[in-house]
Every structure is written in structure tokens, then in C-alpha cells.
file input-v6.txt (compact mmCIF, C-alpha atoms)
# COMPACT_ATOMS: atom_id res chain seq x y z
CA MET A 1 99.67 128.33 83.77
CA THR A 2 101.36 130.66 81.26
CA THR A 3 102.46 129.64 77.77
CA GLN A 4 106.06 130.25 78.81
CA HIS A 5 105.72 127.82 81.71
CA ARG A 6 104.16 125.19 79.45
CA LEU A 7 106.91 125.53 76.87
CA GLY A 8 109.52 125.20 79.58
CA ARG A 9 107.85 122.09 80.92
CA THR A 10 107.59 120.54 77.45
CA ALA A 11 111.27 121.18 76.84
CA ALA A 12 112.09 119.51 80.15
CA VAL A 13 110.04 116.44 79.21
CA LEU A 14 111.77 116.07 75.87
CA ALA A 15 115.16 116.56 77.49
CA ALA A 16 114.44 113.85 80.04
CA ALA A 17 113.31 111.45 77.33
CA LEU A 18 116.35 112.20 75.18
CA THR A 19 118.76 111.76 78.08
CA LEU A 20 117.43 108.31 78.84
CA SER A 21 116.67 107.18 75.32
CA THR A 22 120.10 105.61 74.84
CA ALA A 23 119.46 103.29 77.76
CA ALA A 24 116.08 102.51 76.28
CA THR A 25 117.50 101.42 72.93
CA GLY A 26 116.19 98.01 72.02
CA LEU A 27 112.74 98.54 73.53
CA THR A 28 110.11 97.23 71.10
CA ALA A 29 106.39 96.74 71.12
CA TYR A 30 105.57 93.66 73.12
CA ALA A 31 101.86 93.92 73.86
CA ALA A 32 101.26 90.73 71.84
CA GLU A 33 103.37 88.80 74.35
CA HIS A 34 100.68 89.49 76.97
CA SER A 35 97.57 89.32 74.80
CA GLY A 36 96.01 86.75 77.13
CA LYS A 37 95.71 89.18 80.02
CA THR A 38 92.44 90.93 80.77
CA GLY A 39 94.17 94.28 81.24
CA LYS A 40 91.83 95.17 84.10
CA HIS A 41 92.39 96.08 87.70
CA ALA A 42 90.99 93.35 89.87
CA THR A 43 87.95 94.32 91.87
CA ALA A 44 86.79 92.39 94.87
CA PRO A 45 83.22 91.20 94.66
CA HIS A 46 81.02 91.64 97.70
CA GLY A 47 77.98 89.56 98.38
CA ASP A 48 75.89 92.48 99.57
CA THR A 49 75.18 95.90 98.15
CA ALA A 50 75.72 99.16 99.98
CA GLN A 51 73.35 99.24 102.92
CA ARG A 52 72.98 103.00 102.63
CA ASP A 53 74.33 105.84 100.50
CA ASP A 54 71.89 108.72 100.63
CA GLY A 55 71.17 112.01 102.37
CA ASP A 56 71.63 110.34 105.74
CA GLY A 57 75.13 109.09 104.99
CA TRP A 58 76.88 105.91 103.83
CA GLU A 59 77.07 102.52 105.54
CA ARG A 60 78.45 99.14 104.55
CA ASP A 61 80.03 96.08 106.22
CA GLY A 62 80.16 97.74 109.64
CA LEU A 63 81.72 100.93 108.27
CA ARG A 64 79.88 104.25 108.10
CA LEU A 65 80.11 107.92 107.18
CA ASP A 66 77.63 110.47 108.46
CA ALA A 67 75.81 112.75 106.02
CA ALA A 68 78.32 115.61 106.24
CA ASP A 69 81.36 113.34 105.77
CA ASN A 70 79.63 111.51 102.92
CA ARG A 71 79.06 114.81 101.12
CA LYS A 72 82.74 115.72 101.51
CA VAL A 73 83.80 112.43 99.92
CA ASP A 74 81.34 113.01 97.06
CA ALA A 75 82.88 116.46 96.49
CA TYR A 76 86.37 114.91 96.48
CA VAL A 77 85.24 112.36 93.89
CA ALA A 78 83.94 115.17 91.67
CA ARG A 79 87.27 117.05 91.90
CA ALA A 80 89.25 113.91 91.09
CA ARG A 81 87.12 113.21 88.03
CA ALA A 82 87.56 116.77 86.80
CA ALA A 83 91.35 116.52 87.16
CA GLU A 84 91.65 113.07 85.57
CA PRO A 85 91.82 114.00 81.84
CA ALA A 86 94.92 116.18 82.28
CA ILE A 87 96.59 113.56 84.48
CA SER A 88 95.79 110.81 81.98
CA ARG A 89 97.37 112.86 79.20
CA ASP A 90 100.64 113.07 81.14
CA VAL A 91 100.64 109.39 82.14
CA ARG A 92 99.95 108.30 78.57
CA THR A 93 102.87 110.44 77.44
CA ALA A 94 105.13 108.76 80.02
CA ALA A 95 103.90 105.33 78.94
CA ALA A 96 104.50 106.05 75.25
CA LEU A 97 108.01 107.44 75.77
CA SER A 98 109.03 104.52 78.01
CA ARG A 99 107.35 101.89 75.78
CA ALA A 100 105.18 100.74 78.68
CA GLU A 101 102.02 98.71 78.49
CA LEU A 102 99.30 100.80 80.15
CA VAL A 103 97.31 98.14 82.00
CA GLY A 104 93.70 98.62 83.10
CA PHE A 105 93.37 102.18 81.81
CA ASP A 106 89.56 101.88 81.76
CA HIS A 107 89.68 101.49 85.56
CA ARG A 108 91.77 104.58 86.27
CA LEU A 109 89.07 106.12 88.49
CA LYS A 110 88.40 104.45 91.80
CA SER A 111 84.69 103.96 92.48
CA PRO A 112 82.97 106.28 94.97
CA ASP A 113 81.98 103.27 97.08
CA SER A 114 85.58 102.06 97.27
CA LEU A 115 86.80 105.52 98.27
CA LYS A 116 84.12 105.78 100.96
CA ARG A 117 85.12 102.38 102.30
CA LYS A 118 88.75 103.51 102.45
CA VAL A 119 87.91 106.79 104.21
CA ALA A 120 85.55 105.08 106.66
CA THR A 121 88.20 102.46 107.47
CA ASP A 122 90.79 105.17 108.10
CA LEU A 123 88.42 106.99 110.46
CA LYS A 124 87.56 103.76 112.28
CA ASP A 125 91.23 102.83 112.73
CA HIS A 126 92.26 106.38 113.69
CA PRO A 127 89.53 108.08 115.74
CA GLU A 128 91.74 111.14 116.20
CA ARG A 129 91.41 111.96 112.48
CA ASN A 130 88.54 113.70 110.72
CA VAL A 131 87.29 113.25 107.16
CA ASP A 132 89.51 116.07 105.86
CA ASP A 133 92.57 114.30 107.27
CA ALA A 134 91.50 111.04 105.63
CA LEU A 135 90.88 112.67 102.25
CA ALA A 136 94.27 114.40 102.38
CA ARG A 137 95.89 110.99 102.77
CA LEU A 138 94.21 109.48 99.70
CA SER A 139 96.56 108.87 96.79
CA ASP A 140 94.72 106.47 94.48
CA ALA A 141 91.37 108.03 93.57
CA VAL A 142 93.03 108.31 90.15
CA ARG A 143 95.40 105.42 89.48
CA TYR A 144 97.37 103.78 86.68
CA THR A 145 99.52 100.72 86.07
CA LEU A 146 102.55 100.70 83.76
CA GLN A 147 104.15 97.37 82.91
CA TRP A 148 107.35 96.18 81.21
CA PRO A 149 109.04 92.77 80.76
CA ASP A 150 111.66 91.93 83.40
CA ASP A 151 114.68 92.79 81.22
CA ARG A 152 113.27 96.23 80.36
CA TYR A 153 111.72 97.05 83.71
CA VAL A 154 114.40 99.21 85.33
CA THR A 155 114.99 101.34 82.23
CA GLY A 156 111.24 101.71 81.72
CA VAL A 157 110.50 102.79 85.29
CA THR A 158 113.39 105.25 85.27
CA LEU A 159 112.28 106.90 82.04
CA ALA A 160 108.55 107.01 82.93
CA ALA A 161 109.24 108.55 86.35
CA GLU A 162 111.62 111.12 84.90
CA VAL A 163 109.05 112.13 82.29
CA LEU A 164 106.29 112.56 84.89
CA SER A 165 108.64 114.64 87.02
CA ALA A 166 109.76 116.76 84.08
CA TRP A 167 106.13 117.32 83.07
CA GLY A 168 105.53 118.94 86.45
CA SER A 169 104.18 116.21 88.74
CA ASP A 170 105.71 116.06 92.22
CA THR A 171 106.45 112.75 93.90
CA THR A 172 104.43 112.23 97.10
CA LYS A 173 105.19 108.53 97.63
CA TRP A 174 107.78 106.05 96.41
CA SER A 175 107.19 102.58 97.83
CA ASN A 176 109.72 100.17 96.32
CA THR A 177 109.15 96.71 97.80
CA TRP A 178 111.20 94.67 95.33
CA GLY A 179 113.87 94.08 97.95
CA ARG A 180 111.65 92.79 100.74
CA GLU A 181 111.78 89.13 101.73
CA LYS A 182 108.03 88.68 102.17
CA GLY A 183 104.84 90.20 100.86
CA TYR A 184 103.97 92.48 97.96
CA LYS A 185 106.54 92.96 95.21
CA GLY A 186 106.36 95.98 92.95
CA LEU A 187 106.79 99.72 92.98
CA ASN A 188 103.89 102.01 93.92
CA SER A 189 104.42 105.70 93.38
CA GLY A 190 102.28 108.67 94.37
CA TRP A 191 102.20 112.00 92.56
CA SER A 192 100.63 115.44 92.78
CA ALA A 193 99.42 116.80 89.44
CA PRO A 194 100.97 120.12 88.35
CA ASP A 195 97.84 122.21 87.90
CA SER A 196 95.02 120.66 89.93
CA ARG A 197 97.35 119.29 92.66
CA GLN A 198 95.16 116.19 92.58
CA ARG A 199 97.02 113.20 93.94
CA PHE A 200 97.29 110.10 91.77
CA GLU A 201 98.99 106.73 91.90
CA VAL A 202 101.16 104.98 89.33
CA GLN A 203 102.09 101.36 89.90
CA PHE A 204 105.13 100.01 88.06
CA HIS A 205 104.94 96.25 87.41
CA THR A 206 106.30 93.30 85.49
CA PRO A 207 103.82 90.75 84.08
CA ALA A 208 104.61 88.39 86.98
CA SER A 209 104.21 90.98 89.73
CA LYS A 210 100.98 92.26 88.20
CA TYR A 211 99.63 88.70 88.01
CA ALA A 212 100.52 88.14 91.67
CA GLN A 213 98.78 91.38 92.63
CA GLU A 214 95.59 90.29 90.91
CA GLU A 215 95.77 86.79 92.42
CA THR A 216 96.12 88.19 95.94
CA HIS A 217 93.52 90.94 95.63
CA LYS A 218 90.65 88.90 97.04
CA LEU A 219 92.86 87.81 99.93
CA TYR A 220 93.78 91.44 100.62
CA GLU A 221 90.14 92.56 100.53
CA GLU A 222 89.17 89.91 103.08
CA LEU A 223 92.18 90.72 105.25
CA ARG A 224 91.20 94.39 105.62
CA LEU A 225 87.57 93.74 106.60
CA PRO A 226 86.81 94.73 110.22
CA SER A 227 85.13 91.34 110.75
CA THR A 228 88.24 89.30 109.82
CA THR A 229 89.72 87.59 112.90
CA PRO A 230 93.45 87.87 113.73
CA GLU A 231 93.87 84.14 113.06
CA ARG A 232 92.30 84.45 109.61
CA LYS A 233 94.38 87.56 108.87
CA LYS A 234 97.55 85.56 109.49
CA GLU A 235 96.36 82.81 107.13
CA LEU A 236 95.56 85.36 104.44
CA GLN A 237 98.93 87.09 104.84
CA ASP A 238 100.78 83.75 104.61
CA GLN A 239 98.92 82.95 101.37
CA GLN A 240 99.83 86.34 99.90
CA ASP A 241 103.49 85.90 100.92
CA ALA A 242 103.64 82.52 99.15
CA ILE A 243 102.29 83.95 95.88
CA PHE A 244 104.64 86.95 95.86
CA ALA A 245 107.62 84.76 96.77
CA ALA A 246 107.36 83.19 93.30
CA VAL A 247 107.73 86.56 91.52
CA PRO A 248 111.17 87.05 89.88
CA VAL A 249 112.95 90.26 90.85
CA PRO A 250 114.32 92.21 87.86
CA ASP A 251 118.02 93.05 88.09
CA GLY A 252 118.42 96.47 89.69
CA ALA A 253 114.76 96.84 90.71
CA PRO A 254 115.37 97.07 94.49
CA ALA A 255 117.64 100.09 93.93
CA LEU A 256 115.13 102.13 91.93
CA ALA A 257 114.69 105.54 93.57
CA ALA A 258 112.34 108.45 93.03
CA PRO A 259 113.49 111.04 90.50
CA ALA A 260 115.24 114.08 91.91
CA PRO A 261 112.93 117.11 91.93
CA LEU A 262 113.49 119.33 88.93
CA PRO A 263 114.05 123.04 89.61
CA ARG A 264 110.94 125.11 89.02
CA ARG A 265 111.10 128.59 87.52
CA THR A 266 110.35 130.06 90.94
CA ASP A 267 113.48 128.27 92.22
CA LEU A 268 115.76 129.86 89.66
CA THR A 269 117.61 133.12 90.18
CA PRO A 270 116.69 135.61 87.45
CA ALA A 271 119.48 136.53 85.12
CA ALA A 272 121.14 139.87 85.82

call {"tool": "encode", "arguments": {"input": "input-v6.txt", "output": "C-alpha cells"}}
result
Amino acid sequence: MTTQHRLGRTAAVLAAALTLSTAATGLTAYAAEHSGKTGKHATAPHGDTAQRDDGDGWERDGLRLDAADNRKVDAYVARARAAEPAISRDVRTAAALSRAELVGFDHRLKSPDSLKRKVATDLKDHPERNVDDALARLSDAVRYTLQWPDDRYVTGVTLAAEVLSAWGSDTTKWSNTWGREKGYKGLNSGWSAPDSRQRFEVQFHTPASKYAQEETHKLYEELRLPSTTPERKKELQDQQDAIFAAVPVPDGAPALAAPAPLPRRTDLTPAA
């Protein structure tokens, strides 16, 4: 990327922050209010270790990848890890400008085993796909969580998303479930990094919605196992619905929309 492009992008970031800073007036540091939280992404424990992850492939809990597919996932993991520092720089900038609490930053890289499980599950559920299709659908090999109190949530999400967009990341997913009657409450966004084009995920939460996510994580992990019966899946879903039903919905959260794409230099007509 040229210096001129970088300067243009930096100017766009500062402009986005300045435009929204009036709405953000009154935001103050509040990390102490949540000092009791662990600040970690929940990870589901499994009673067994990976049955195989070697030159012959990967296998665990009835899921498997052959040797060739396993190597492709390993290569994807390497690319994601190489792209992560630049992505983290941009996300930390967005968090700082929006006064967000960056939760679980130490867990921003998904483990290789978790990614292989996700790819193997996708291939099992969709036999018509190949490993390249499954990898193209991944959005959370690199992932982050930004959090604000309820009364600052909408302003915070708006500013953070605008900054990421202005910095050059393109939105690939915008899943706003604050308005749903049952199930998960929160806002999960997917992005494509400006230089590497590596996809990454940013979750936007309140303390209550983040707590509910962590409380339901074990239930979700059991629900997605191939061995879980339909009857048990219904029980697990009902338990998750009950936990998320208790999460307060910030005013205006259901209406939050993805930022409009900013014009790129290639989109602009050169001056005469």
C-alpha cells in the first residue's frame, strides 16, 4: 500500500472519529466497574484429547480431516497468525476511540484444533463442499470482543464500526440479534482486513450479554456435537433461550446497521 493511500485512510479514520465524537461526549473510563470479570473468551473443556493430528490427518469426536485437508487448515492458521498483528492494531484503535473495553484480547486467535473441528463439522453437514469452501466461510480465526455499558452501547458500536470501516476493513457480516424474541442477544460482525484480506470477527456486547454468552457456551458446545440427540438439543436450546431472555436490550440496539462502505480511491473520478 502506498504512503498516499495510508495517509488518506488515516484522514478518513480521524474524520469518522471526529464526526461521531459529539455523540460520544460523556464516555469515561469504566473498566473498574467490571473488574470482577475474567476478561477471557470461554472455552469448552473436552474430556478427551485429539485422537489424531499428524501426517495422516486429524480426528476427534467423530469428526475427521484427511491429511491433505488437514494441511490446508494448518496453512490457513499460519496465514491468519501472520495477519493478526495488523488487524489487532486497527481493532485496538477502534476500541480506544470508542472508549470500549477490549475483552479477552489474549484469546484473539482461535486454536488450530477448534478451527479443524469447525471445518470438519461444515464438511460433515455439507458433503457438497470441499475444504476450500469451508475455509472461505470462516470468519473467526481472528476474533475480538468490544464491550460498553448499556447506556453507551449504541454510540460505542456506531463509532467503533465507523472507525474500522474508515481504516479500510470491509464488512462481510453484520448479525444484529438484539431484536429477536429468543436466543442469542448481541451483535456479531465480520470484516475483511485491508491488506491481507484475512477475515476477522468483532463481537459488540454489553456486560450482561457477554455474561450470557459465557454462561451458555458449554450448552452451545454440547448442542453442536454430532452425538447430541434431537431431544437433548431442544433442552439445550431452551436453556440458552432462558438465559438470554434475562439480558436487557439497550435503547436503539436492534436498529444498529453496518456502516455504509466508504469510497475507495479507485472508486473516485480523477480530477480534470

call {"tool": "axis_aligned_box", "arguments": {"input": "input-v6.txt", "around": "region 215-229 of chain A", "padding_each_side": "4 Å", "output": "AutoDock Vina command-line options"}}
result
--center_x 90.6 --center_y 90.8 --center_z 102.7 --size_x 19.0 --size_y 15.9 --size_z 28.5

call {"tool": "closest_residue", "arguments": {"input": "input-v6.txt", "among": "A:Ile243, A:Ala94, A:Val77, A:Leu65", "to": "Leu219 (chain A)", "atoms": "only C-alpha atoms"}}
result
A:Ile243

call {"tool": "closest_residue", "arguments": {"input": "input-v6.txt", "among": "A:Lys234, A:Arg143, A:Arg224, A:Arg180", "to": "Asp61 (chain A)", "atoms": "all atoms listed in the file"}}
result
A:Arg224

call {"tool": "closest_atom_pairs", "arguments": {"input": "input-v6.txt", "of": "region 103-216 of chain A", "to": "region 50-57 of chain A", "cutoff": "12 Å", "atoms": "all atoms listed in the file", "output": "CSV"}}
result
residue,atom,partner,partner_atom,distance
A:Pro112,CA,A:Asp53,CA,10.3
A:Asp113,CA,A:Ala50,CA,8.0
A:Ser114,CA,A:Ala50,CA,10.6
A:Lys116,CA,A:Asp53,CA,9.8
A:Arg117,CA,A:Ala50,CA,10.2
A:Ala120,CA,A:Gly57,CA,11.3

call {"tool": "closest_residue", "arguments": {"input": "input-v6.txt", "among": "A:Glu235, A:Asp90, A:Asp132, A:Asp150", "to": "Gly252 (chain A)", "atoms": "all atoms listed in the file"}}
result
A:Asp150

call {"tool": "closest_residue", "arguments": {"input": "input-v6.txt", "among": "A:Ala242, A:Ala100, A:Ala257, A:Ala193", "to": "Tyr153 (chain A)", "atoms": "all atoms listed in the file"}}
result
A:Ala100

call {"tool": "atom_distance", "arguments": {"input": "input-v6.txt", "atom1": "CA of Ala136 (chain A)", "atom2": "CA of Val119 (chain A)"}}
result
10.1 Å

call {"tool": "atom_distance", "arguments": {"input": "input-v6.txt", "atom1": "CA of Ser165 (chain A)", "atom2": "CA of Glu101 (chain A)"}}
result
19.2 Å

call {"tool": "atom_distance", "arguments": {"input": "input-v6.txt", "atom1": "CA of Leu262 (chain A)", "atom2": "CA of Ser139 (chain A)"}}
result
21.4 Å

call {"tool": "closest_residue", "arguments": {"input": "input-v6.txt", "among": "A:Arg152, A:Ser192, A:Leu256, A:Lys210", "to": "Ala80 (chain A)", "atoms": "only C-alpha atoms"}}
result
A:Ser192

call {"tool": "residues_around", "arguments": {"input": "input-v6.txt", "residues": "Thr172 (chain A)", "least_positions_apart": "3", "cutoff": "10 Å", "atoms": "only C-alpha atoms", "output": "PyMOL selection string"}}
result
chain A and resi 139+169+189-192+199-201+258

call {"tool": "closest_residue", "arguments": {"input": "input-v6.txt", "among": "A:Asn70, A:Asp133, A:Gly156, A:Leu146", "to": "Phe105 (chain A)", "atoms": "only C-alpha atoms"}}
result
A:Leu146
